[in-house]
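Data first, discussion second: the structure below is written as structure tokens.
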Amino acid sequence: MEKMKAFTEYLWFQTQERRALVNITETLGRLVEKSGIKEGLCLVSAMHITAGIWVNDEEPGLKEDLMDWLERLAPVSDYRHHQTGEDNGDAHLKRTLLGAQATLPVTAGRLDLGPWEQIFYAEFDGRRRKRVIVKILGQ
Amino acid sequence: MEKMKAFTEYLWFQTQERRALVNITETLGRLVEKSGIKEGLCLVSAMHITAGIWVNDEEPGLKEDLMDWLERLAPVSDYRHHQTGEDNGDAHLKRTLLGAQATLPVTAGRLDLGPWEQIFYAEFDGRRRKRVIVKILGQ
Amino acid sequence: MEKMKAFTEYLWFQTQERRALVNITETLGRLVEKSGIKEGLCLVSAMHITAGIWVNDEEPGLKEDLMDWLERLAPVSDYRHHQTGEDNGDAHLKRTLLGAQATLPVTAGRLDLGPWEQIFYAEFDGRRRKRVIVKILGQ
């Protein structure tokens with residue numbers, strides 16, 4: 001019979017650029033280790049609604065492709081949202097397109113990722129402090 | 001050593017409009033309280049394949065921006081799916097674009113959301129009864 | 001007081017076509033049964049970054065509509081990523097658009113799906129062996 005554990009930590013980001021991809025794979029690996037959880041699920045979720053989480057390749061060209069593609073499908077433009085004084089309507093849509101979160105498997109005390117899976121914090125309206133929650137549930 | 005609990009509830013929706021965004025944040029908060037779970041993960045998933053879940057801002061302009069953007073990227077059109085007699089091909093694609101589900105962290109007995117995170121049921125082919133499952137796992 | 005269990009299995013795919021949708025709903029149902037878990041969450045996640053998971057309808061016309069739509073929004077094209085020698089930039093973006101994973105509720109020992117929900121492995125750069133992880137956490 002196994003003990004159930006829950007582990008929570010918050011990551012803070014303040015990117016220098018308005019848009020950025022920050023590789024957090026190693027950070028997440030350390031948190032899994034710190035949690036002591038051997039088998040479970042690790043939720044990684046952007047708590048601000050103009051940021052997201054991307055699971056893909058650490059390849060500079062692809063990261064530029066992603067950002068260009070997001071701009072093409074969810075461009076900087078005039079949005080109704082800007083009538084509130086905001087200017088980040090595109091960032092809300094880019095987060096929606098990319099996805100706000102990922103749930104990562106934990107097996108034998110480690111993130112159980114494919115050979116090229118890397119986890120990125122995706123910022124679309126940065127230059128201010130924003131949080132990501134990491135919540136691991138397991139045993 | 002902690003007890004593990006699982007809590008399940010189904011939310012029913014029948015929107016008057018074909019497309020709608022229904023804020024379910026307070027409903028979910030009450031279910032977390034009812035579950036008695038203090039630490040865990042709360043899955044919210046649209047059980048019908050022409051609806052989804054959106055985590056973003058309760059701002060009327062942005063909600064219109066979202067719906068316009070979904071229509072631009074996944075428009076009402078002629079789809080092969082309509083050869084079955086259906087007319088909702090766009091709604092299947094809109095759900096795919098938006099996302100069908102969210103997993104929400106539960107900390108200290110409450111949904112652990114960012115300052116502007118609100119949870120919406122997103123309906124793209126309404127006017128009939130449809131379900132969302134809420135499943136909370138934790139302790 | 002309930003026992004917590006974790007169950008892990010890997011599904012392997014090698015599709016004959018470069019792009020394919022493979023219905024894995026029955027396979028997942030069998031794994032839930034094999035796990036012995038009655039109440040929990042089942043994570044299904046594509047471990048390769050040019051594949052995803054789609055939860056939608058088993059209807060041939062709609063499946064073609066989906067693939068056409070993904071091609072329209074994330075087309076085969078010249079991408080910076082191809083300077084590495086790869087030719088699958090579109091497949092990375094298609095996975096991003098579709099989503100890489102789903103978390104499925106398990107209730108009373110079975111996948112708790114809506115009436116038309118079917119789970120698909122979505123391959124965008126196939127003809128080689130690739131994996132999906134299935135991780136079920138519960139009691």
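Here, A, B, ... name the chains of the structure tokens in the order displayed, residue numbers run from 1 inside each chain, and ligands are numbered from 1 in the same displayed order.
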
Chain A contacts on chain C, only C-alpha atoms, 7 Å, as a PyMOL selection string: chain C and resi 3-4+6+47-49+79-81+96-97+135+137

Could you save the residues just selected, with all heavy atoms, as an mmCIF file, in the first residue's frame?
```cif
data_model
loop_
_atom_site.group_PDB
_atom_site.id
_atom_site.type_symbol
_atom_site.label_atom_id
_atom_site.label_comp_id
_atom_site.auth_asym_id
_atom_site.auth_seq_id
_atom_site.Cartn_x
_atom_site.Cartn_y
_atom_site.Cartn_z
ATOM 1 N N LYS C 3 -6.151 2.273 -1.597
ATOM 2 C CA LYS C 3 -4.807 2.136 -2.140
ATOM 3 C C LYS C 3 -4.660 3.026 -3.364
ATOM 4 O O LYS C 3 -5.544 3.081 -4.212
ATOM 5 C CB LYS C 3 -4.582 0.702 -2.621
ATOM 6 C CG LYS C 3 -4.279 -0.264 -1.513
ATOM 7 C CD LYS C 3 -3.855 -1.594 -2.133
ATOM 8 C CE LYS C 3 -4.058 -2.722 -1.147
ATOM 9 N NZ LYS C 3 -3.591 -4.000 -1.687
ATOM 10 N N MET C 4 -3.511 3.647 -3.483
ATOM 11 C CA MET C 4 -3.213 4.373 -4.706
ATOM 12 C C MET C 4 -2.401 3.470 -5.630
ATOM 13 O O MET C 4 -1.520 2.750 -5.177
ATOM 14 C CB MET C 4 -2.380 5.599 -4.378
ATOM 15 C CG MET C 4 -2.140 6.408 -5.617
ATOM 16 S SD MET C 4 -1.149 7.866 -5.279
ATOM 17 C CE MET C 4 -1.361 8.668 -6.856
ATOM 18 N N ALA C 6 -0.407 3.268 -9.598
ATOM 19 C CA ALA C 6 0.039 3.892 -10.849
ATOM 20 C C ALA C 6 0.318 2.779 -11.844
ATOM 21 O O ALA C 6 0.896 1.743 -11.474
ATOM 22 C CB ALA C 6 1.294 4.720 -10.609
ATOM 23 N N MET C 47 4.907 10.756 -27.360
ATOM 24 C CA MET C 47 6.279 11.018 -26.894
ATOM 25 C C MET C 47 7.181 11.539 -28.007
ATOM 26 O O MET C 47 8.337 11.884 -27.742
ATOM 27 C CB MET C 47 6.867 9.740 -26.301
ATOM 28 C CG MET C 47 6.064 9.223 -25.115
ATOM 29 S SD MET C 47 6.787 7.733 -24.378
ATOM 30 C CE MET C 47 8.059 8.437 -23.330
ATOM 31 N N HIS C 48 6.683 11.551 -29.210
ATOM 32 C CA HIS C 48 7.454 12.111 -30.332
ATOM 33 C C HIS C 48 6.789 13.417 -30.745
ATOM 34 O O HIS C 48 5.576 13.543 -30.734
ATOM 35 C CB HIS C 48 7.526 11.112 -31.483
ATOM 36 C CG HIS C 48 8.404 9.940 -31.164
ATOM 37 N ND1 HIS C 48 9.633 9.758 -31.723
ATOM 38 C CD2 HIS C 48 8.221 8.905 -30.291
ATOM 39 C CE1 HIS C 48 10.187 8.652 -31.228
ATOM 40 N NE2 HIS C 48 9.343 8.114 -30.366
ATOM 41 N N ILE C 49 7.625 14.367 -31.131
ATOM 42 C CA ILE C 49 7.158 15.747 -31.221
ATOM 43 C C ILE C 49 6.593 16.117 -32.583
ATOM 44 O O ILE C 49 6.352 17.282 -32.855
ATOM 45 C CB ILE C 49 8.298 16.694 -30.788
ATOM 46 C CG1 ILE C 49 9.530 16.426 -31.617
ATOM 47 C CG2 ILE C 49 8.551 16.532 -29.296
ATOM 48 C CD1 ILE C 49 10.797 17.114 -31.117
ATOM 49 N N TYR C 79 10.699 25.728 -44.001
ATOM 50 C CA TYR C 79 10.830 26.195 -42.619
ATOM 51 C C TYR C 79 12.309 26.306 -42.263
ATOM 52 O O TYR C 79 13.150 25.578 -42.820
ATOM 53 C CB TYR C 79 10.128 25.226 -41.655
ATOM 54 C CG TYR C 79 8.619 25.244 -41.790
ATOM 55 C CD1 TYR C 79 7.941 24.235 -42.462
ATOM 56 C CD2 TYR C 79 7.877 26.302 -41.261
ATOM 57 C CE1 TYR C 79 6.558 24.259 -42.593
ATOM 58 C CE2 TYR C 79 6.488 26.331 -41.392
ATOM 59 C CZ TYR C 79 5.838 25.313 -42.053
ATOM 60 O OH TYR C 79 4.470 25.345 -42.189
ATOM 61 N N ARG C 80 12.624 27.186 -41.331
ATOM 62 C CA ARG C 80 14.006 27.293 -40.853
ATOM 63 C C ARG C 80 14.509 25.955 -40.317
ATOM 64 O O ARG C 80 15.679 25.629 -40.434
ATOM 65 C CB ARG C 80 14.096 28.341 -39.741
ATOM 66 C CG ARG C 80 13.969 29.766 -40.229
ATOM 67 C CD ARG C 80 14.294 30.743 -39.119
ATOM 68 N NE ARG C 80 13.913 32.100 -39.507
ATOM 69 C CZ ARG C 80 12.698 32.597 -39.424
ATOM 70 N NH1 ARG C 80 11.716 31.864 -38.924
ATOM 71 N NH2 ARG C 80 12.448 33.844 -39.816
ATOM 72 N N HIS C 81 13.595 25.219 -39.713
ATOM 73 C CA HIS C 81 13.940 23.906 -39.154
ATOM 74 C C HIS C 81 14.594 22.998 -40.204
ATOM 75 O O HIS C 81 15.390 22.111 -39.856
ATOM 76 C CB HIS C 81 12.668 23.264 -38.597
ATOM 77 C CG HIS C 81 12.859 21.947 -37.927
ATOM 78 N ND1 HIS C 81 13.840 21.712 -36.982
ATOM 79 C CD2 HIS C 81 12.195 20.756 -38.061
ATOM 80 C CE1 HIS C 81 13.764 20.457 -36.562
ATOM 81 N NE2 HIS C 81 12.779 19.865 -37.202
ATOM 82 N N THR C 96 1.401 20.813 -32.668
ATOM 83 C CA THR C 96 1.132 21.929 -31.757
ATOM 84 C C THR C 96 -0.326 22.365 -31.863
ATOM 85 O O THR C 96 -0.988 22.619 -30.847
ATOM 86 C CB THR C 96 2.080 23.093 -32.092
ATOM 87 O OG1 THR C 96 3.438 22.645 -31.931
ATOM 88 C CG2 THR C 96 1.822 24.298 -31.214
ATOM 89 N N LEU C 97 -0.825 22.432 -33.086
ATOM 90 C CA LEU C 97 -2.206 22.861 -33.324
ATOM 91 C C LEU C 97 -3.199 21.838 -32.773
ATOM 92 O O LEU C 97 -4.187 22.202 -32.128
ATOM 93 C CB LEU C 97 -2.384 23.053 -34.834
ATOM 94 C CG LEU C 97 -3.719 23.474 -35.397
ATOM 95 C CD1 LEU C 97 -4.297 24.674 -34.665
ATOM 96 C CD2 LEU C 97 -3.566 23.806 -36.885
ATOM 97 N N LYS C 135 -0.382 6.566 -18.902
ATOM 98 C CA LYS C 135 -0.091 6.543 -17.450
ATOM 99 C C LYS C 135 -1.405 6.759 -16.707
ATOM 100 O O LYS C 135 -2.041 7.815 -16.854
ATOM 101 C CB LYS C 135 0.900 7.644 -17.110
ATOM 102 C CG LYS C 135 1.358 7.597 -15.661
ATOM 103 C CD LYS C 135 2.857 7.452 -15.588
ATOM 104 C CE LYS C 135 3.334 6.916 -14.293
ATOM 105 N NZ LYS C 135 4.733 6.493 -14.404
ATOM 106 N N LEU C 137 -3.327 6.953 -13.064
ATOM 107 C CA LEU C 137 -3.119 7.184 -11.633
ATOM 108 C C LEU C 137 -4.484 7.128 -10.960
ATOM 109 O O LEU C 137 -5.437 7.762 -11.440
ATOM 110 C CB LEU C 137 -2.491 8.569 -11.450
ATOM 111 C CG LEU C 137 -1.874 8.898 -10.090
ATOM 112 C CD1 LEU C 137 -0.616 8.074 -9.878
ATOM 113 C CD2 LEU C 137 -1.534 10.383 -10.017
#
```

Which of chain B DSSP labels strand (DSSP E or B), written as a ChimeraX atom specification: /B:5-13,20-23,40-46,51-56,101-107,110-111,118-123,130-138

Residue nearest A:Lys94 - candidates A:Ser77, A:Thr25, A:Thr50, A:Thr8, atoms counted: only C-alpha atoms: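 Looking at the shortest contact to A:Lys94, the residue is A:Thr50.
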
Exercise: A:Arg19 partners within 10 Å, only C-alpha atoms, chain neighbours under 3 positions left out, as a ChimeraX atom specification: /A:15-16,22,51,67,91,122-127

Shell of 9 Å around A:Gly29, only C-alpha atoms, local chain residues under 5 positions omitted, as a ChimeraX atom specification: /A:24,34,110-111

Counting only C-alpha atoms, the option among C:Ala100, C:Ser35, C:Glu9, C:Asn23 closest to A:Ile53: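 Ranking C:Ala100, C:Ser35, C:Glu9, C:Asn23 by distance to A:Ile53, first place goes to C:Ala100.
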
Atomic separation - atom CA of C:Ala20 relative to atom CA of C:Ser45, Å: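 Atom-to-atom, atom CA of C:Ser45 and atom CA of C:Ala20 are spaced 16.3 Å apart.
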
Would you give me, as a PDB file with N, CA, C and O atoms, in the first residue's frame, the residues in chain B that DSSP reads as alpha helix (DSSP H)?
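Result file is selection-v5.pdb:
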```
ATOM      1  N   THR B  25     -16.302  28.989 -13.483  1.00  0.00           N
ATOM      2  CA  THR B  25     -15.275  29.038 -12.431  1.00  0.00           C
ATOM      3  C   THR B  25     -15.884  28.842 -11.040  1.00  0.00           C
ATOM      4  O   THR B  25     -15.368  28.053 -10.233  1.00  0.00           O
ATOM      5  N   GLU B  26     -16.964  29.551 -10.764  1.00  0.00           N
ATOM      6  CA  GLU B  26     -17.576  29.431  -9.424  1.00  0.00           C
ATOM      7  C   GLU B  26     -18.153  28.043  -9.199  1.00  0.00           C
ATOM      8  O   GLU B  26     -18.029  27.479  -8.102  1.00  0.00           O
ATOM      9  N   THR B  27     -18.769  27.493 -10.218  1.00  0.00           N
ATOM     10  CA  THR B  27     -19.306  26.130 -10.114  1.00  0.00           C
ATOM     11  C   THR B  27     -18.192  25.153  -9.779  1.00  0.00           C
ATOM     12  O   THR B  27     -18.338  24.293  -8.896  1.00  0.00           O
ATOM     13  N   LEU B  28     -17.070  25.280 -10.466  1.00  0.00           N
ATOM     14  CA  LEU B  28     -15.948  24.378 -10.202  1.00  0.00           C
ATOM     15  C   LEU B  28     -15.410  24.574  -8.784  1.00  0.00           C
ATOM     16  O   LEU B  28     -15.070  23.600  -8.097  1.00  0.00           O
ATOM     17  N   GLY B  29     -15.350  25.815  -8.350  1.00  0.00           N
ATOM     18  CA  GLY B  29     -14.889  26.078  -6.983  1.00  0.00           C
ATOM     19  C   GLY B  29     -15.770  25.400  -5.952  1.00  0.00           C
ATOM     20  O   GLY B  29     -15.274  24.832  -4.967  1.00  0.00           O
ATOM     21  N   ARG B  30     -17.088  25.423  -6.191  1.00  0.00           N
ATOM     22  CA  ARG B  30     -18.006  24.756  -5.255  1.00  0.00           C
ATOM     23  C   ARG B  30     -17.806  23.238  -5.278  1.00  0.00           C
ATOM     24  O   ARG B  30     -17.913  22.578  -4.247  1.00  0.00           O
ATOM     25  N   LEU B  31     -17.524  22.685  -6.444  1.00  0.00           N
ATOM     26  CA  LEU B  31     -17.307  21.234  -6.521  1.00  0.00           C
ATOM     27  C   LEU B  31     -16.029  20.832  -5.795  1.00  0.00           C
ATOM     28  O   LEU B  31     -15.990  19.775  -5.148  1.00  0.00           O
ATOM     29  N   VAL B  32     -14.995  21.646  -5.892  1.00  0.00           N
ATOM     30  CA  VAL B  32     -13.762  21.348  -5.153  1.00  0.00           C
ATOM     31  C   VAL B  32     -14.059  21.321  -3.658  1.00  0.00           C
ATOM     32  O   VAL B  32     -13.651  20.397  -2.930  1.00  0.00           O
ATOM     33  N   GLU B  33     -14.825  22.308  -3.205  1.00  0.00           N
ATOM     34  CA  GLU B  33     -15.199  22.355  -1.786  1.00  0.00           C
ATOM     35  C   GLU B  33     -15.996  21.103  -1.400  1.00  0.00           C
ATOM     36  O   GLU B  33     -15.707  20.443  -0.399  1.00  0.00           O
ATOM     37  N   LYS B  34     -16.984  20.771  -2.233  1.00  0.00           N
ATOM     38  CA  LYS B  34     -17.833  19.599  -1.972  1.00  0.00           C
ATOM     39  C   LYS B  34     -17.023  18.311  -1.922  1.00  0.00           C
ATOM     40  O   LYS B  34     -17.338  17.389  -1.161  1.00  0.00           O
ATOM     41  N   SER B  35     -15.980  18.242  -2.742  1.00  0.00           N
ATOM     42  CA  SER B  35     -15.173  17.009  -2.826  1.00  0.00           C
ATOM     43  C   SER B  35     -14.400  16.750  -1.539  1.00  0.00           C
ATOM     44  O   SER B  35     -14.021  15.612  -1.261  1.00  0.00           O
ATOM     45  N   PRO B  60     -15.594  40.956 -21.896  1.00  0.00           N
ATOM     46  CA  PRO B  60     -16.511  40.781 -23.035  1.00  0.00           C
ATOM     47  C   PRO B  60     -15.869  40.996 -24.401  1.00  0.00           C
ATOM     48  O   PRO B  60     -16.141  40.234 -25.339  1.00  0.00           O
ATOM     49  N   GLY B  61     -15.006  42.004 -24.527  1.00  0.00           N
ATOM     50  CA  GLY B  61     -14.360  42.253 -25.819  1.00  0.00           C
ATOM     51  C   GLY B  61     -13.486  41.085 -26.236  1.00  0.00           C
ATOM     52  O   GLY B  61     -13.532  40.629 -27.385  1.00  0.00           O
ATOM     53  N   LEU B  62     -12.726  40.578 -25.303  1.00  0.00           N
ATOM     54  CA  LEU B  62     -11.839  39.444 -25.607  1.00  0.00           C
ATOM     55  C   LEU B  62     -12.641  38.204 -25.984  1.00  0.00           C
ATOM     56  O   LEU B  62     -12.238  37.433 -26.864  1.00  0.00           O
ATOM     57  N   LYS B  63     -13.771  38.000 -25.332  1.00  0.00           N
ATOM     58  CA  LYS B  63     -14.595  36.835 -25.658  1.00  0.00           C
ATOM     59  C   LYS B  63     -15.135  36.924 -27.088  1.00  0.00           C
ATOM     60  O   LYS B  63     -15.180  35.926 -27.807  1.00  0.00           O
ATOM     61  N   GLU B  64     -15.493  38.148 -27.500  1.00  0.00           N
ATOM     62  CA  GLU B  64     -15.888  38.328 -28.912  1.00  0.00           C
ATOM     63  C   GLU B  64     -14.705  38.136 -29.847  1.00  0.00           C
ATOM     64  O   GLU B  64     -14.838  37.549 -30.931  1.00  0.00           O
ATOM     65  N   ASP B  65     -13.541  38.660 -29.452  1.00  0.00           N
ATOM     66  CA  ASP B  65     -12.330  38.454 -30.256  1.00  0.00           C
ATOM     67  C   ASP B  65     -12.070  36.964 -30.459  1.00  0.00           C
ATOM     68  O   ASP B  65     -11.720  36.527 -31.558  1.00  0.00           O
ATOM     69  N   LEU B  66     -12.222  36.202 -29.372  1.00  0.00           N
ATOM     70  CA  LEU B  66     -11.975  34.761 -29.461  1.00  0.00           C
ATOM     71  C   LEU B  66     -12.914  34.115 -30.469  1.00  0.00           C
ATOM     72  O   LEU B  66     -12.476  33.341 -31.331  1.00  0.00           O
ATOM     73  N   MET B  67     -14.196  34.447 -30.366  1.00  0.00           N
ATOM     74  CA  MET B  67     -15.169  33.803 -31.246  1.00  0.00           C
ATOM     75  C   MET B  67     -14.930  34.194 -32.712  1.00  0.00           C
ATOM     76  O   MET B  67     -15.051  33.354 -33.607  1.00  0.00           O
ATOM     77  N   ASP B  68     -14.586  35.468 -32.944  1.00  0.00           N
ATOM     78  CA  ASP B  68     -14.269  35.900 -34.314  1.00  0.00           C
ATOM     79  C   ASP B  68     -13.047  35.162 -34.852  1.00  0.00           C
ATOM     80  O   ASP B  68     -12.992  34.775 -36.028  1.00  0.00           O
ATOM     81  N   TRP B  69     -12.056  35.012 -33.994  1.00  0.00           N
ATOM     82  CA  TRP B  69     -10.800  34.369 -34.401  1.00  0.00           C
ATOM     83  C   TRP B  69     -11.029  32.890 -34.716  1.00  0.00           C
ATOM     84  O   TRP B  69     -10.531  32.364 -35.725  1.00  0.00           O
ATOM     85  N   LEU B  70     -11.817  32.221 -33.885  1.00  0.00           N
ATOM     86  CA  LEU B  70     -12.138  30.813 -34.151  1.00  0.00           C
ATOM     87  C   LEU B  70     -12.889  30.686 -35.480  1.00  0.00           C
ATOM     88  O   LEU B  70     -12.646  29.765 -36.253  1.00  0.00           O
ATOM     89  N   GLU B  71     -13.783  31.641 -35.744  1.00  0.00           N
ATOM     90  CA  GLU B  71     -14.529  31.587 -37.008  1.00  0.00           C
ATOM     91  C   GLU B  71     -13.600  31.821 -38.200  1.00  0.00           C
ATOM     92  O   GLU B  71     -13.758  31.219 -39.263  1.00  0.00           O
ATOM     93  N   ARG B  72     -12.604  32.682 -38.017  1.00  0.00           N
ATOM     94  CA  ARG B  72     -11.670  32.940 -39.110  1.00  0.00           C
ATOM     95  C   ARG B  72     -10.811  31.707 -39.399  1.00  0.00           C
ATOM     96  O   ARG B  72     -10.599  31.355 -40.563  1.00  0.00           O
ATOM     97  N   LEU B  73     -10.352  31.028 -38.371  1.00  0.00           N
ATOM     98  CA  LEU B  73      -9.448  29.886 -38.578  1.00  0.00           C
ATOM     99  C   LEU B  73     -10.188  28.570 -38.826  1.00  0.00           C
ATOM    100  O   LEU B  73      -9.631  27.649 -39.436  1.00  0.00           O
ATOM    101  N   GLY B  89     -19.473  20.732 -39.061  1.00  0.00           N
ATOM    102  CA  GLY B  89     -18.039  20.472 -39.245  1.00  0.00           C
ATOM    103  C   GLY B  89     -17.167  21.535 -38.604  1.00  0.00           C
ATOM    104  O   GLY B  89     -16.141  21.220 -37.978  1.00  0.00           O
ATOM    105  N   ASP B  90     -17.578  22.791 -38.744  1.00  0.00           N
ATOM    106  CA  ASP B  90     -16.770  23.874 -38.147  1.00  0.00           C
ATOM    107  C   ASP B  90     -16.664  23.709 -36.634  1.00  0.00           C
ATOM    108  O   ASP B  90     -15.628  24.028 -36.043  1.00  0.00           O
ATOM    109  N   ALA B  91     -17.716  23.214 -36.009  1.00  0.00           N
ATOM    110  CA  ALA B  91     -17.720  23.096 -34.536  1.00  0.00           C
ATOM    111  C   ALA B  91     -16.710  22.044 -34.063  1.00  0.00           C
ATOM    112  O   ALA B  91     -16.062  22.222 -33.029  1.00  0.00           O
ATOM    113  N   HIS B  92     -16.558  20.962 -34.826  1.00  0.00           N
ATOM    114  CA  HIS B  92     -15.528  19.958 -34.493  1.00  0.00           C
ATOM    115  C   HIS B  92     -14.131  20.579 -34.571  1.00  0.00           C
ATOM    116  O   HIS B  92     -13.267  20.283 -33.745  1.00  0.00           O
ATOM    117  N   LEU B  93     -13.915  21.427 -35.576  1.00  0.00           N
ATOM    118  CA  LEU B  93     -12.585  22.033 -35.737  1.00  0.00           C
ATOM    119  C   LEU B  93     -12.354  23.134 -34.700  1.00  0.00           C
ATOM    120  O   LEU B  93     -11.246  23.285 -34.178  1.00  0.00           O
ATOM    121  N   LYS B  94     -13.391  23.890 -34.395  1.00  0.00           N
ATOM    122  CA  LYS B  94     -13.248  24.931 -33.367  1.00  0.00           C
ATOM    123  C   LYS B  94     -12.878  24.300 -32.011  1.00  0.00           C
ATOM    124  O   LYS B  94     -12.043  24.824 -31.284  1.00  0.00           O
ATOM    125  N   ARG B  95     -13.532  23.191 -31.659  1.00  0.00           N
ATOM    126  CA  ARG B  95     -13.167  22.487 -30.420  1.00  0.00           C
ATOM    127  C   ARG B  95     -11.707  22.044 -30.455  1.00  0.00           C
ATOM    128  O   ARG B  95     -10.989  22.136 -29.449  1.00  0.00           O
ATOM    129  N   THR B  96     -11.285  21.557 -31.615  1.00  0.00           N
ATOM    130  CA  THR B  96      -9.908  21.073 -31.746  1.00  0.00           C
ATOM    131  C   THR B  96      -8.920  22.218 -31.536  1.00  0.00           C
ATOM    132  O   THR B  96      -7.905  22.074 -30.847  1.00  0.00           O
ATOM    133  N   LEU B  97      -9.238  23.362 -32.119  1.00  0.00           N
ATOM    134  CA  LEU B  97      -8.362  24.536 -32.015  1.00  0.00           C
ATOM    135  C   LEU B  97      -8.314  25.064 -30.574  1.00  0.00           C
ATOM    136  O   LEU B  97      -7.241  25.388 -30.048  1.00  0.00           O
ATOM    137  N   LEU B  98      -9.461  25.143 -29.939  1.00  0.00           N
ATOM    138  CA  LEU B  98      -9.539  25.711 -28.591  1.00  0.00           C
ATOM    139  C   LEU B  98      -8.981  24.776 -27.536  1.00  0.00           C
ATOM    140  O   LEU B  98      -8.367  25.214 -26.553  1.00  0.00           O
TER     141      LEU B  98
END
```

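Between atom CA of C:Arg131 and atom CA of C:Gln101 the separation is 12.4 Å.
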
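Note that the spacing between atom CA of C:Val134 and atom CA of B:Ile37 amounts to 24.7 Å.
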
Polymer residues at most 9 Å from A:Arg129, only C-alpha atoms, same-chain spacing of 5 or more positions, as a count of residues only: 4
